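Source file: final-v2.tsv; contents: TSV, C-alpha atoms.
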chain	number	residue	atom	x	y	z
A	246	MET	CA	0.00	0.00	0.00
A	247	ILE	CA	1.32	3.43	-0.90
A	248	ARG	CA	1.35	5.79	2.08
A	249	LEU	CA	-0.24	8.63	0.15
A	250	LEU	CA	-3.86	8.59	1.21
A	251	PRO	CA	-4.58	11.84	3.08
A	252	LYS	CA	-6.83	12.99	5.85
A	253	PHE	CA	-9.89	13.61	3.72
A	254	ASN	CA	-11.57	16.99	3.67
A	255	SER	CA	-14.60	17.17	5.95
A	256	CYS	CA	-16.88	18.13	3.04
A	257	LEU	CA	-16.29	14.71	1.42
A	258	ARG	CA	-17.94	11.44	2.35
A	259	LEU	CA	-15.49	8.60	3.00
A	260	SER	CA	-16.58	4.98	2.78
A	261	THR	CA	-15.30	1.65	1.50
A	262	VAL	CA	-16.60	0.10	-1.72
A	263	SER	CA	-15.56	-3.53	-2.28
A	264	GLY	CA	-12.08	-2.98	-0.91
A	265	SER	CA	-11.54	0.37	-2.63
A	266	THR	CA	-11.54	3.75	-0.93
A	267	SER	CA	-14.54	5.92	-1.91
A	268	VAL	CA	-14.64	9.71	-2.04
A	269	CYS	CA	-17.67	11.62	-3.31
A	270	GLY	CA	-18.59	15.31	-3.41
A	271	ASN	CA	-20.96	17.81	-4.96
A	272	GLY	CA	-19.93	20.32	-7.62
A	273	ALA	CA	-20.77	24.00	-7.78
A	274	ILE	CA	-20.83	24.42	-11.56
A	275	ASP	CA	-23.49	22.28	-13.17
A	276	VAL	CA	-22.90	22.06	-16.92
A	277	PHE	CA	-22.86	18.25	-16.83
A	278	ASP	CA	-25.00	15.92	-14.77
A	279	ARG	CA	-22.22	14.07	-12.95
A	280	HIS	CA	-24.67	11.69	-11.27
A	281	MET	CA	-26.07	10.74	-14.68
A	282	LYS	CA	-22.56	10.25	-16.06
A	283	ARG	CA	-21.70	8.00	-13.12
A	284	ARG	CA	-24.81	5.90	-13.79
A	285	GLN	CA	-24.02	5.69	-17.50
A	286	LYS	CA	-20.47	4.48	-16.87
A	287	ASN	CA	-21.54	2.06	-14.16
A	288	ARG	CA	-24.24	0.59	-16.40
A	289	ALA	CA	-21.80	0.19	-19.29
A	290	SER	CA	-19.28	-1.55	-17.03
A	291	LEU	CA	-21.83	-4.16	-15.94
A	292	ALA	CA	-22.17	-5.56	-19.47
A	293	ASP	CA	-20.41	-8.88	-20.08
A	294	ASP	CA	-18.85	-7.53	-23.28
A	295	PHE	CA	-17.78	-4.09	-21.95
A	296	ALA	CA	-14.18	-4.68	-23.10
A	297	THR	CA	-15.43	-4.91	-26.71
A	298	TYR	CA	-16.18	-1.19	-26.64
A	299	ASP	CA	-12.87	-0.09	-25.14
A	300	TYR	CA	-11.22	0.13	-28.58
A	301	LEU	CA	-11.15	3.94	-28.69
A	302	ARG	CA	-10.00	4.46	-25.10
A	303	ASP	CA	-7.32	1.77	-25.47
A	304	GLU	CA	-5.98	3.41	-28.63
A	305	VAL	CA	-5.87	6.89	-27.06
A	306	ALA	CA	-4.20	5.53	-23.91
A	307	TYR	CA	-1.56	3.82	-26.06
A	308	ARG	CA	-0.80	7.09	-27.85
A	309	MET	CA	-0.66	8.94	-24.54
A	310	VAL	CA	1.75	6.45	-22.95
A	311	ASP	CA	3.88	6.72	-26.09
A	312	ARG	CA	4.14	10.47	-25.43
A	313	MET	CA	4.96	9.78	-21.79
A	314	ARG	CA	7.88	7.60	-22.87
A	315	ASP	CA	9.23	10.50	-24.92
A	316	VAL	CA	9.84	12.31	-21.63
A	317	SER	CA	13.42	11.66	-20.52
A	318	LYS	CA	12.47	11.27	-16.87
A	319	SER	CA	11.61	8.29	-14.70
A	320	PHE	CA	8.50	8.44	-12.50
A	321	GLU	CA	8.01	6.75	-9.14
A	322	PHE	CA	4.48	7.66	-7.98
A	323	GLY	CA	1.71	8.14	-10.53
A	324	LEU	CA	-1.99	8.98	-10.49
A	325	ASP	CA	-4.37	7.78	-13.22
A	326	LEU	CA	-7.31	10.19	-13.02
A	327	GLY	CA	-10.44	8.78	-14.66
A	328	CYS	CA	-8.84	5.39	-15.23
A	329	GLY	CA	-11.96	3.73	-16.68
A	330	HIS	CA	-11.19	0.06	-17.24
A	331	GLY	CA	-7.44	0.52	-16.78
A	332	HIS	CA	-6.65	1.71	-20.29
A	333	VAL	CA	-3.38	3.40	-19.29
A	334	ALA	CA	-2.36	0.52	-17.00
A	335	LYS	CA	-2.66	-1.82	-19.98
A	336	HIS	CA	0.27	-0.08	-21.68
A	337	VAL	CA	2.67	0.83	-18.83
A	338	ASP	CA	5.23	-1.28	-17.01
A	339	GLN	CA	7.80	-0.96	-14.23
A	340	TYR	CA	10.09	1.03	-16.50
A	341	ASP	CA	7.45	3.77	-16.73
A	342	LEU	CA	6.16	3.78	-13.13
A	343	GLN	CA	6.76	2.01	-9.84
A	344	HIS	CA	3.50	2.82	-8.03
A	345	LEU	CA	0.11	3.81	-9.47
A	346	ILE	CA	-3.17	4.99	-7.95
A	347	GLN	CA	-6.20	4.47	-10.21
A	348	CYS	CA	-9.18	6.80	-9.70
A	349	ASP	CA	-12.59	6.97	-11.33
A	350	LEU	CA	-16.03	8.46	-10.74
A	351	ALA	CA	-17.78	5.17	-11.53
A	352	GLU	CA	-17.12	2.41	-9.01
A	353	ASN	CA	-18.01	-0.39	-11.42
A	354	SER	CA	-15.46	0.88	-13.92
A	355	LEU	CA	-12.88	1.10	-11.17
A	356	LEU	CA	-13.51	-2.41	-9.88
A	357	SER	CA	-13.18	-3.87	-13.39
A	358	SER	CA	-10.06	-1.86	-14.28
A	359	ARG	CA	-6.97	-3.71	-15.44
A	360	VAL	CA	-3.75	-3.39	-13.50
A	361	SER	CA	-0.15	-3.92	-14.51
A	362	GLU	CA	1.40	-6.96	-12.83
A	363	SER	CA	4.73	-5.16	-12.56
A	364	ILE	CA	3.38	-1.99	-10.90
A	365	THR	CA	2.06	-1.66	-7.34
A	366	THR	CA	-1.51	-0.41	-7.83
A	367	HIS	CA	-4.22	0.92	-5.51
A	368	ARG	CA	-7.77	1.85	-6.55
A	369	VAL	CA	-9.52	4.90	-5.10
A	370	HIS	CA	-13.13	5.84	-5.91
A	371	VAL	CA	-12.85	9.59	-6.51
A	372	ASP	CA	-14.82	12.30	-8.26
A	373	GLU	CA	-12.30	13.95	-10.61
A	374	GLU	CA	-13.59	17.35	-9.48
A	375	PHE	CA	-12.52	16.74	-5.86
A	376	LEU	CA	-9.02	15.30	-5.46
A	377	PRO	CA	-8.45	14.14	-1.87
A	378	PHE	CA	-4.67	13.78	-2.03
A	379	ARG	CA	-2.01	15.76	-0.21
A	380	ASN	CA	-0.02	18.46	-1.95
A	381	ASN	CA	3.26	17.62	-3.69
A	382	VAL	CA	2.70	13.84	-3.77
A	383	PHE	CA	2.86	12.55	-7.34
A	384	ASP	CA	5.66	12.53	-9.90
A	385	VAL	CA	3.18	12.21	-12.75
A	386	VAL	CA	-0.58	12.54	-13.21
A	387	VAL	CA	-2.19	11.02	-16.30
A	388	SER	CA	-5.79	11.45	-17.41
A	389	SER	CA	-7.09	9.76	-20.55
A	390	LEU	CA	-10.47	10.78	-21.99
A	391	SER	CA	-12.02	11.80	-18.70
A	392	LEU	CA	-11.73	15.58	-18.37
A	393	HIS	CA	-14.37	16.36	-21.03
A	394	TRP	CA	-17.07	15.49	-18.44
A	395	VAL	CA	-15.64	17.73	-15.71
A	396	ASN	CA	-17.78	20.75	-14.81
A	397	ASP	CA	-15.07	23.03	-13.43
A	398	LEU	CA	-12.04	22.24	-15.58
A	399	PRO	CA	-9.86	25.14	-14.30
A	400	SER	CA	-10.37	23.92	-10.73
A	401	THR	CA	-9.52	20.31	-11.62
A	402	LEU	CA	-6.37	21.37	-13.49
A	403	HIS	CA	-5.29	23.48	-10.52
A	404	GLN	CA	-5.87	20.52	-8.18
A	405	ILE	CA	-3.74	18.34	-10.46
A	406	TRP	CA	-1.01	21.00	-10.31
A	407	THR	CA	-1.30	21.04	-6.51
A	408	VAL	CA	-0.88	17.28	-5.99
A	409	LEU	CA	2.17	17.14	-8.29
A	410	LYS	CA	5.67	17.42	-6.90
A	411	GLU	CA	7.97	20.14	-8.18
A	412	ASP	CA	9.07	19.18	-11.71
A	413	GLY	CA	6.11	16.79	-11.78
A	414	CYS	CA	4.41	16.11	-15.09
A	415	PHE	CA	0.76	16.14	-16.14
A	416	ILE	CA	-0.03	14.15	-19.29
A	417	GLY	CA	-3.62	14.18	-20.44
A	418	SER	CA	-5.93	13.56	-23.36
A	419	THR	CA	-9.44	14.84	-23.96
A	420	TYR	CA	-11.86	15.23	-26.82
A	421	ALA	CA	-11.44	18.51	-28.67
A	422	THR	CA	-13.71	20.73	-30.75
A	423	ASP	CA	-15.09	19.06	-33.91
A	424	THR	CA	-15.28	15.65	-32.28
A	425	LEU	CA	-18.33	13.86	-33.77
A	426	PHE	CA	-19.08	16.86	-36.00
A	427	GLU	CA	-20.75	14.50	-38.48
A	428	LEU	CA	-23.25	13.28	-35.87
A	429	ARG	CA	-23.82	16.76	-34.48
A	430	SER	CA	-24.58	18.38	-37.84
A	431	SER	CA	-26.77	15.49	-39.04
A	432	LEU	CA	-28.97	15.63	-35.95
A	433	LEU	CA	-29.25	19.42	-36.12
A	434	LEU	CA	-30.28	19.38	-39.79
A	435	ALA	CA	-32.80	16.58	-39.21
A	436	GLU	CA	-34.39	18.44	-36.29
A	437	GLN	CA	-34.64	21.64	-38.29
A	438	GLU	CA	-36.30	19.77	-41.14
A	439	ARG	CA	-38.71	17.62	-39.09
A	440	GLU	CA	-39.39	19.68	-36.00
A	441	GLY	CA	-38.43	23.26	-36.84
A	442	GLY	CA	-35.93	23.55	-33.96
A	443	MET	CA	-32.63	22.32	-32.63
A	444	GLY	CA	-31.50	20.58	-29.46
A	445	GLN	CA	-28.13	19.69	-27.97
A	446	HIS	CA	-27.17	16.07	-28.57
A	447	VAL	CA	-23.36	16.14	-28.51
A	448	SER	CA	-21.46	17.39	-25.51
A	449	PRO	CA	-19.45	20.63	-25.91
A	450	PHE	CA	-15.70	20.10	-26.13
A	451	THR	CA	-12.65	22.23	-25.37
A	452	ALA	CA	-10.68	24.04	-28.09
A	453	MET	CA	-6.90	23.64	-28.20
A	454	ARG	CA	-6.20	27.34	-27.61
A	455	ASP	CA	-8.53	27.35	-24.60
A	456	MET	CA	-6.82	24.31	-23.07
A	457	GLY	CA	-3.42	25.95	-23.47
A	458	GLY	CA	-4.66	29.03	-21.63
A	459	LEU	CA	-6.18	26.94	-18.84
A	460	LEU	CA	-2.94	25.03	-18.30
A	461	THR	CA	-0.96	28.26	-18.05
A	462	GLN	CA	-3.58	29.80	-15.77
A	463	SER	CA	-3.36	26.75	-13.50
A	464	GLY	CA	0.39	27.24	-13.08
A	465	PHE	CA	1.82	24.71	-15.53
A	466	ALA	CA	5.03	25.50	-17.40
A	467	LEU	CA	6.63	24.11	-20.56
A	468	THR	CA	3.21	23.15	-21.90
A	469	THR	CA	2.87	21.10	-25.08
A	470	LEU	CA	-0.36	20.48	-27.00
A	471	ASP	CA	-1.07	18.46	-30.12
A	472	SER	CA	-4.08	16.68	-31.57
A	473	ASP	CA	-4.86	13.49	-33.50
A	474	ASP	CA	-7.94	12.74	-35.57
A	475	ILE	CA	-9.09	9.16	-35.05
A	476	ILE	CA	-11.70	8.18	-37.65
A	477	VAL	CA	-13.81	5.09	-37.00
A	478	ASN	CA	-16.17	3.69	-39.64
A	479	TYR	CA	-19.58	2.31	-38.66
A	480	PRO	CA	-22.32	0.55	-40.66
A	481	SER	CA	-24.68	3.44	-39.90
A	482	MET	CA	-25.36	6.24	-37.44
A	483	PHE	CA	-27.28	3.86	-35.20
A	484	GLU	CA	-24.26	1.60	-34.60
A	485	LEU	CA	-22.23	4.70	-33.69
A	486	MET	CA	-24.84	5.82	-31.16
A	487	SER	CA	-25.05	2.29	-29.75
A	488	ASP	CA	-21.29	2.10	-29.27
A	489	LEU	CA	-21.21	5.50	-27.58
A	490	ARG	CA	-23.85	4.30	-25.13
A	491	LYS	CA	-21.96	1.06	-24.43
A	492	MET	CA	-18.76	3.08	-23.88
A	493	GLY	CA	-20.60	5.11	-21.22
A	494	GLU	CA	-20.22	8.16	-23.46
A	495	SER	CA	-23.86	9.14	-23.92
A	496	ASN	CA	-24.57	12.84	-23.59
A	497	ALA	CA	-24.80	13.95	-19.94
A	498	ALA	CA	-25.16	17.71	-20.42
A	499	ARG	CA	-27.91	19.28	-18.33
A	500	SER	CA	-29.31	20.91	-21.47
A	501	ARG	CA	-29.53	17.63	-23.39
A	502	ARG	CA	-32.76	16.53	-24.99
A	503	ASN	CA	-34.00	13.30	-23.43
A	504	TYR	CA	-36.10	12.09	-26.36
A	505	ILE	CA	-35.71	12.19	-30.16
A	506	PRO	CA	-38.66	11.10	-32.34
A	507	ARG	CA	-38.07	8.03	-34.50
A	508	GLU	CA	-38.65	9.88	-37.78
A	509	THR	CA	-36.09	12.53	-36.77
A	510	LEU	CA	-33.52	9.81	-36.12
A	511	LEU	CA	-34.23	8.16	-39.46
A	512	ALA	CA	-33.85	11.52	-41.20
A	513	ALA	CA	-30.58	12.16	-39.37
A	514	ALA	CA	-29.22	8.76	-40.41
A	515	SER	CA	-30.11	9.50	-44.03
A	516	ILE	CA	-28.47	12.94	-43.88
A	517	TYR	CA	-25.38	11.44	-42.23
A	518	LYS	CA	-24.97	8.87	-44.99
A	519	THR	CA	-25.64	11.37	-47.77
A	520	MET	CA	-23.25	14.05	-46.49
A	521	TYR	CA	-20.44	11.94	-45.04
A	522	GLY	CA	-20.93	8.33	-46.18
A	523	ASN	CA	-18.07	6.26	-47.58
A	524	GLU	CA	-18.18	4.48	-50.92
A	525	ASP	CA	-18.53	1.11	-49.20
A	526	GLY	CA	-21.74	2.23	-47.46
A	527	THR	CA	-20.23	2.86	-44.04
A	528	VAL	CA	-20.22	6.23	-42.28
A	529	PRO	CA	-17.17	7.81	-40.58
A	530	ALA	CA	-17.10	9.26	-37.08
A	531	THR	CA	-14.27	11.66	-36.27
A	532	PHE	CA	-12.83	11.74	-32.75
A	533	ARG	CA	-10.44	14.68	-32.43
A	534	VAL	CA	-8.24	13.94	-29.43
A	535	LEU	CA	-6.23	16.69	-27.76
A	536	PHE	CA	-3.01	15.58	-26.00
A	537	VAL	CA	-1.50	17.90	-23.40
A	538	ILE	CA	1.70	17.89	-21.36
A	539	GLY	CA	2.44	20.38	-18.60
A	540	TRP	CA	5.07	20.61	-15.89
A	541	LYS	CA	4.93	21.96	-12.37
A	542	PRO	CA	7.64	24.65	-12.22
A	543	SER	CA	10.99	23.83	-10.68
A	544	LYS	CA	14.36	25.58	-10.47
A	545	SER	CA	15.88	22.60	-12.28
A	546	GLN	CA	13.85	23.33	-15.43
A	547	PRO	CA	15.23	25.45	-18.29
A	548	GLN	CA	14.59	29.12	-17.58
A	549	PRO	CA	14.23	31.98	-20.08
A	550	ALA	CA	17.19	34.36	-20.25
A	551	ALA	CA	16.82	37.69	-18.46
A	552	ARG	CA	15.37	40.49	-20.52
A	553	GLY	CA	18.12	42.46	-22.27
A	554	SER	CA	20.78	39.79	-21.81
A	555	SER	CA	21.11	38.91	-25.50
A	556	THR	CA	24.39	39.67	-27.26
A	557	VAL	CA	23.09	39.57	-30.84
A	558	SER	CA	20.11	41.55	-32.13
A	559	LEU	CA	17.56	40.24	-34.62
A	560	ARG	CA	18.62	43.04	-37.00
A	561	ASP	CA	22.20	41.69	-37.00
A	562	LEU	CA	20.90	38.21	-37.78
A	563	LYS	CA	18.87	39.59	-40.68
A	564	ASP	CA	21.93	41.42	-42.08
A	565	MET	CA	24.02	38.26	-41.76
A	566	ALA	CA	21.39	36.27	-43.68
A	567	ILE	CA	21.27	38.89	-46.46
A	568	ASN	CA	25.07	39.00	-46.78
A	569	ASP	CA	25.23	35.19	-46.87
A	570	THR	CA	22.64	35.12	-49.69
A	571	GLU	CA	24.47	37.77	-51.71
A	572	SER	CA	27.78	35.95	-51.38
A	573	LYS	CA	26.23	32.87	-52.99
Re-express the file's structure as structure tokens.
Amino acid sequence: MIRLLPKFNSCLRLSTVSGSTSVCGNGAIDVFDRHMKRRQKNRASLADDFATYDYLRDEVAYRMVDRMRDVSKSFEFGLDLGCGHGHVAKHVDQYDLQHLIQCDLAENSLLSSRVSESITTHRVHVDEEFLPFRNNVFDVVVSSLSLHWVNDLPSTLHQIWTVLKEDGCFIGSTYATDTLFELRSSLLLAEQEREGGMGQHVSPFTAMRDMGGLLTQSGFALTTLDSDDIIVNYPSMFELMSDLRKMGESNAARSRRNYIPRETLLAAASIYKTMYGNEDGTVPATFRVLFVIGWKPSKSQPQPAARGSSTVSLRDLKDMAINDTESK
């Protein structure tokens, strides 16, 4: 057992769930229905074939761990925030981490999460919006496809910064703007045509420039952001929606529409296939994944030179380039 579990804040409720520590709290900002999201993920995890629908999370976790291995630094204590079914743990070994704490909002996901046989692992049932750990504890915090359901993202990022040690690293992935744009636009057009209005059916996602600003605002330094488009082909829109539900990724926004008429869905499926369909009859779904890396500041990190300390001006460099060109 890692001696990292803190004295929990009095506003949190502490209990034990099947051998795992449980921490639950209530959020102040209410964009997403966190209780609904917890039920969705728990229900998805109870299915016998839940691992069949982990293909997207497993792929993103693999790409995230690949980025973690590009960091020339060894990590001892790690936190997997929003671990799901252990997607990150599936790809790490003792050369990446020595000790890992897995956390998730949904207890069924947590209890079915995979663990690495070569890494000491402890599971803690935690709401990602309320981290119960002491300050300056972890060498690395990873979060794969979990933060897009967080209500107060600036607060969560600041809490991640707080629990990291100096020179600690945060490596995360989340869905970015334009994820599932095909589904979003097809549903909107079908509703306009059939019902004369529009509802929200796809959760809002964070733009890359906004995430960069939030990381800096939270205190992270040396931030790096990049994105990958993962395109998955489905037989039709209905198979896509079914997979999203079985992933536990159904819409949980407070403003979501709870019911869509059958004829609107059929119209949306037709629009989807007409506008975006492939030649083989399948339809693509685009998942734009944003990968972020940020470091907690430390004196050991590279520092910018003091203002006015340069010995060569940009004008001199320009003149040198012109002279070099003329000499050729």
*asked:* Taking 2 positions as the minimum chain separation for residues in the same chain, which residues sit within 12 Å of stretch 404-407 of chain A when counting only C-alpha atoms? Answer as a ChimeraX atom specification.
replied: /A:323-326,373-388,392,397-402,409-417,459-466,538-542
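For the atom pair formed by atom CA of A:Glu436 and atom CA of A:Asn478, the distance is 23.7 Å, given to one decimal.
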If you count all atoms listed in the file, the residue of A:Val305, A:Leu428, A:Leu535, A:Cys348 closest to A:Arg454 turns out to be A:Leu535
Give me, as a PDB file with C-alpha atoms, in the coordinates of the input, all polymer residues having an atom no more than 12 Å from stretch 516-519 of chain A, counting only C-alpha atoms and skipping those fewer than 6 positions away in the same chain.
ATOM      1  CA  LEU A 425     -18.330  13.860 -33.770  1.00  0.00           C
ATOM      2  CA  PHE A 426     -19.080  16.860 -36.000  1.00  0.00           C
ATOM      3  CA  GLU A 427     -20.750  14.500 -38.480  1.00  0.00           C
ATOM      4  CA  LEU A 428     -23.250  13.280 -35.870  1.00  0.00           C
ATOM      5  CA  ARG A 429     -23.820  16.760 -34.480  1.00  0.00           C
ATOM      6  CA  SER A 430     -24.580  18.380 -37.840  1.00  0.00           C
ATOM      7  CA  SER A 431     -26.770  15.490 -39.040  1.00  0.00           C
ATOM      8  CA  LEU A 432     -28.970  15.630 -35.950  1.00  0.00           C
ATOM      9  CA  LEU A 433     -29.250  19.420 -36.120  1.00  0.00           C
ATOM     10  CA  LEU A 434     -30.280  19.380 -39.790  1.00  0.00           C
ATOM     11  CA  ALA A 435     -32.800  16.580 -39.210  1.00  0.00           C
ATOM     12  CA  GLU A 436     -34.390  18.440 -36.290  1.00  0.00           C
ATOM     13  CA  GLU A 438     -36.300  19.770 -41.140  1.00  0.00           C
ATOM     14  CA  ASN A 478     -16.170   3.690 -39.640  1.00  0.00           C
ATOM     15  CA  TYR A 479     -19.580   2.310 -38.660  1.00  0.00           C
ATOM     16  CA  PRO A 480     -22.320   0.550 -40.660  1.00  0.00           C
ATOM     17  CA  SER A 481     -24.680   3.440 -39.900  1.00  0.00           C
ATOM     18  CA  MET A 482     -25.360   6.240 -37.440  1.00  0.00           C
ATOM     19  CA  PHE A 483     -27.280   3.860 -35.200  1.00  0.00           C
ATOM     20  CA  LEU A 485     -22.230   4.700 -33.690  1.00  0.00           C
ATOM     21  CA  THR A 509     -36.090  12.530 -36.770  1.00  0.00           C
ATOM     22  CA  LEU A 510     -33.520   9.810 -36.120  1.00  0.00           C
ATOM     23  CA  ASP A 525     -18.530   1.110 -49.200  1.00  0.00           C
ATOM     24  CA  GLY A 526     -21.740   2.230 -47.460  1.00  0.00           C
ATOM     25  CA  THR A 527     -20.230   2.860 -44.040  1.00  0.00           C
ATOM     26  CA  VAL A 528     -20.220   6.230 -42.280  1.00  0.00           C
ATOM     27  CA  PRO A 529     -17.170   7.810 -40.580  1.00  0.00           C
ATOM     28  CA  ALA A 530     -17.100   9.260 -37.080  1.00  0.00           C
TER      29      ALA A 530
END
#### Entry: Point-to-point distance from atom CA of A:Met492 to atom CA of A:Ala513, Å rounded to tenths
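Going from atom CA of A:Met492 over to atom CA of A:Ala513, I get 21.5 Å.
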For A:Val534, please output as a PDB file with C-alpha atoms, in the frame of the given file all residues within 12 Å (counting only C-alpha atoms; exclusion window: fewer than 5 positions along the same chain).
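out-v1.pdb was written with the following content:
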ATOM      1  CA  LEU A 301     -11.150   3.940 -28.690  1.00  0.00           C
ATOM      2  CA  ARG A 302     -10.000   4.460 -25.100  1.00  0.00           C
ATOM      3  CA  GLU A 304      -5.980   3.410 -28.630  1.00  0.00           C
ATOM      4  CA  VAL A 305      -5.870   6.890 -27.060  1.00  0.00           C
ATOM      5  CA  ALA A 306      -4.200   5.530 -23.910  1.00  0.00           C
ATOM      6  CA  ARG A 308      -0.800   7.090 -27.850  1.00  0.00           C
ATOM      7  CA  MET A 309      -0.660   8.940 -24.540  1.00  0.00           C
ATOM      8  CA  SER A 389      -7.090   9.760 -20.550  1.00  0.00           C
ATOM      9  CA  LEU A 390     -10.470  10.780 -21.990  1.00  0.00           C
ATOM     10  CA  SER A 391     -12.020  11.800 -18.700  1.00  0.00           C
ATOM     11  CA  LEU A 392     -11.730  15.580 -18.370  1.00  0.00           C
ATOM     12  CA  HIS A 393     -14.370  16.360 -21.030  1.00  0.00           C
ATOM     13  CA  GLY A 417      -3.620  14.180 -20.440  1.00  0.00           C
ATOM     14  CA  SER A 418      -5.930  13.560 -23.360  1.00  0.00           C
ATOM     15  CA  THR A 419      -9.440  14.840 -23.960  1.00  0.00           C
ATOM     16  CA  TYR A 420     -11.860  15.230 -26.820  1.00  0.00           C
ATOM     17  CA  ALA A 421     -11.440  18.510 -28.670  1.00  0.00           C
ATOM     18  CA  THR A 422     -13.710  20.730 -30.750  1.00  0.00           C
ATOM     19  CA  ASP A 423     -15.090  19.060 -33.910  1.00  0.00           C
ATOM     20  CA  THR A 424     -15.280  15.650 -32.280  1.00  0.00           C
ATOM     21  CA  LEU A 425     -18.330  13.860 -33.770  1.00  0.00           C
ATOM     22  CA  PHE A 450     -15.700  20.100 -26.130  1.00  0.00           C
ATOM     23  CA  THR A 451     -12.650  22.230 -25.370  1.00  0.00           C
ATOM     24  CA  ALA A 452     -10.680  24.040 -28.090  1.00  0.00           C
ATOM     25  CA  MET A 453      -6.900  23.640 -28.200  1.00  0.00           C
ATOM     26  CA  LEU A 470      -0.360  20.480 -27.000  1.00  0.00           C
ATOM     27  CA  ASP A 471      -1.070  18.460 -30.120  1.00  0.00           C
ATOM     28  CA  SER A 472      -4.080  16.680 -31.570  1.00  0.00           C
ATOM     29  CA  ASP A 473      -4.860  13.490 -33.500  1.00  0.00           C
ATOM     30  CA  ASP A 474      -7.940  12.740 -35.570  1.00  0.00           C
ATOM     31  CA  ILE A 475      -9.090   9.160 -35.050  1.00  0.00           C
ATOM     32  CA  ILE A 476     -11.700   8.180 -37.650  1.00  0.00           C
TER      33      ILE A 476
END
Which residue out of A:Arg314, A:Arg368, A:Arg284, A:Lys544 has the minimum interatomic distance to A:His344 when all atoms listed in the file are used?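 For A:His344, the nearest of the candidates is A:Arg368.
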Show me as a ChimeraX atom specification the residues that reach within 10 Å of (-12.9, -1.2, -23.8), counting all atoms listed in the file and using the file's own coordinates.
/A:290,294-304,329-332,358,491-492
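Taking only C-alpha atoms into account, the protein, DNA and RNA residues within 6 Å of (-28.0, 13.8, -17.6) read Asp278, Met281, Ala497, Ala498 and Arg499 of chain A.
We find atom CA of A:Thr531 and atom CA of A:Met486 to be spaced 13.1 Å apart.
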Which one is closest to A:Asp311: A:Phe536, A:Leu345, A:Ile505, A:Thr469? Count all atoms listed in the file.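 Answer, going by the shortest atom-to-atom distance: A:Phe536.
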Write out all heavy atoms for stretch 426-430 of chain A, as a PDB file, in the coordinates of the input.
ATOM      1  N   PHE A 426     -18.391  15.775 -35.282  1.00  0.00           N
ATOM      2  CA  PHE A 426     -19.080  16.860 -36.000  1.00  0.00           C
ATOM      3  C   PHE A 426     -20.079  16.305 -37.005  1.00  0.00           C
ATOM      4  O   PHE A 426     -21.108  16.938 -37.297  1.00  0.00           O
ATOM      5  CB  PHE A 426     -18.062  17.762 -36.695  1.00  0.00           C
ATOM      6  CG  PHE A 426     -17.380  17.169 -37.892  1.00  0.00           C
ATOM      7  CD1 PHE A 426     -17.935  17.256 -39.161  1.00  0.00           C
ATOM      8  CD2 PHE A 426     -16.163  16.506 -37.748  1.00  0.00           C
ATOM      9  CE1 PHE A 426     -17.297  16.700 -40.265  1.00  0.00           C
ATOM     10  CE2 PHE A 426     -15.524  15.941 -38.852  1.00  0.00           C
ATOM     11  CZ  PHE A 426     -16.089  16.038 -40.107  1.00  0.00           C
ATOM     12  N   GLU A 427     -19.820  15.094 -37.526  1.00  0.00           N
ATOM     13  CA  GLU A 427     -20.750  14.500 -38.480  1.00  0.00           C
ATOM     14  C   GLU A 427     -22.097  14.192 -37.800  1.00  0.00           C
ATOM     15  O   GLU A 427     -23.166  14.486 -38.349  1.00  0.00           O
ATOM     16  CB  GLU A 427     -20.182  13.204 -39.066  1.00  0.00           C
ATOM     17  CG  GLU A 427     -18.810  13.355 -39.744  1.00  0.00           C
ATOM     18  CD  GLU A 427     -17.658  12.965 -38.827  1.00  0.00           C
ATOM     19  OE1 GLU A 427     -17.867  12.977 -37.591  1.00  0.00           O
ATOM     20  OE2 GLU A 427     -16.584  12.647 -39.341  1.00  0.00           O
ATOM     21  N   LEU A 428     -22.030  13.609 -36.607  1.00  0.00           N
ATOM     22  CA  LEU A 428     -23.250  13.280 -35.870  1.00  0.00           C
ATOM     23  C   LEU A 428     -23.973  14.550 -35.440  1.00  0.00           C
ATOM     24  O   LEU A 428     -25.206  14.645 -35.554  1.00  0.00           O
ATOM     25  CB  LEU A 428     -22.888  12.432 -34.645  1.00  0.00           C
ATOM     26  CG  LEU A 428     -24.045  12.041 -33.723  1.00  0.00           C
ATOM     27  CD1 LEU A 428     -25.055  11.178 -34.474  1.00  0.00           C
ATOM     28  CD2 LEU A 428     -23.516  11.307 -32.488  1.00  0.00           C
ATOM     29  N   ARG A 429     -23.216  15.516 -34.953  1.00  0.00           N
ATOM     30  CA  ARG A 429     -23.820  16.760 -34.480  1.00  0.00           C
ATOM     31  C   ARG A 429     -24.600  17.460 -35.607  1.00  0.00           C
ATOM     32  O   ARG A 429     -25.768  17.836 -35.444  1.00  0.00           O
ATOM     33  CB  ARG A 429     -22.726  17.691 -33.943  1.00  0.00           C
ATOM     34  CG  ARG A 429     -23.255  18.955 -33.273  1.00  0.00           C
ATOM     35  CD  ARG A 429     -22.141  19.994 -33.133  1.00  0.00           C
ATOM     36  NE  ARG A 429     -20.966  19.453 -32.474  1.00  0.00           N
ATOM     37  CZ  ARG A 429     -20.753  19.505 -31.178  1.00  0.00           C
ATOM     38  NH1 ARG A 429     -21.651  20.069 -30.389  1.00  0.00           N
ATOM     39  NH2 ARG A 429     -19.646  18.995 -30.661  1.00  0.00           N
ATOM     40  N   SER A 430     -23.951  17.646 -36.749  1.00  0.00           N
ATOM     41  CA  SER A 430     -24.580  18.380 -37.840  1.00  0.00           C
ATOM     42  C   SER A 430     -25.767  17.610 -38.425  1.00  0.00           C
ATOM     43  O   SER A 430     -26.791  18.205 -38.794  1.00  0.00           O
ATOM     44  CB  SER A 430     -23.561  18.699 -38.937  1.00  0.00           C
ATOM     45  OG  SER A 430     -22.980  17.517 -39.452  1.00  0.00           O
TER      46      SER A 430
END
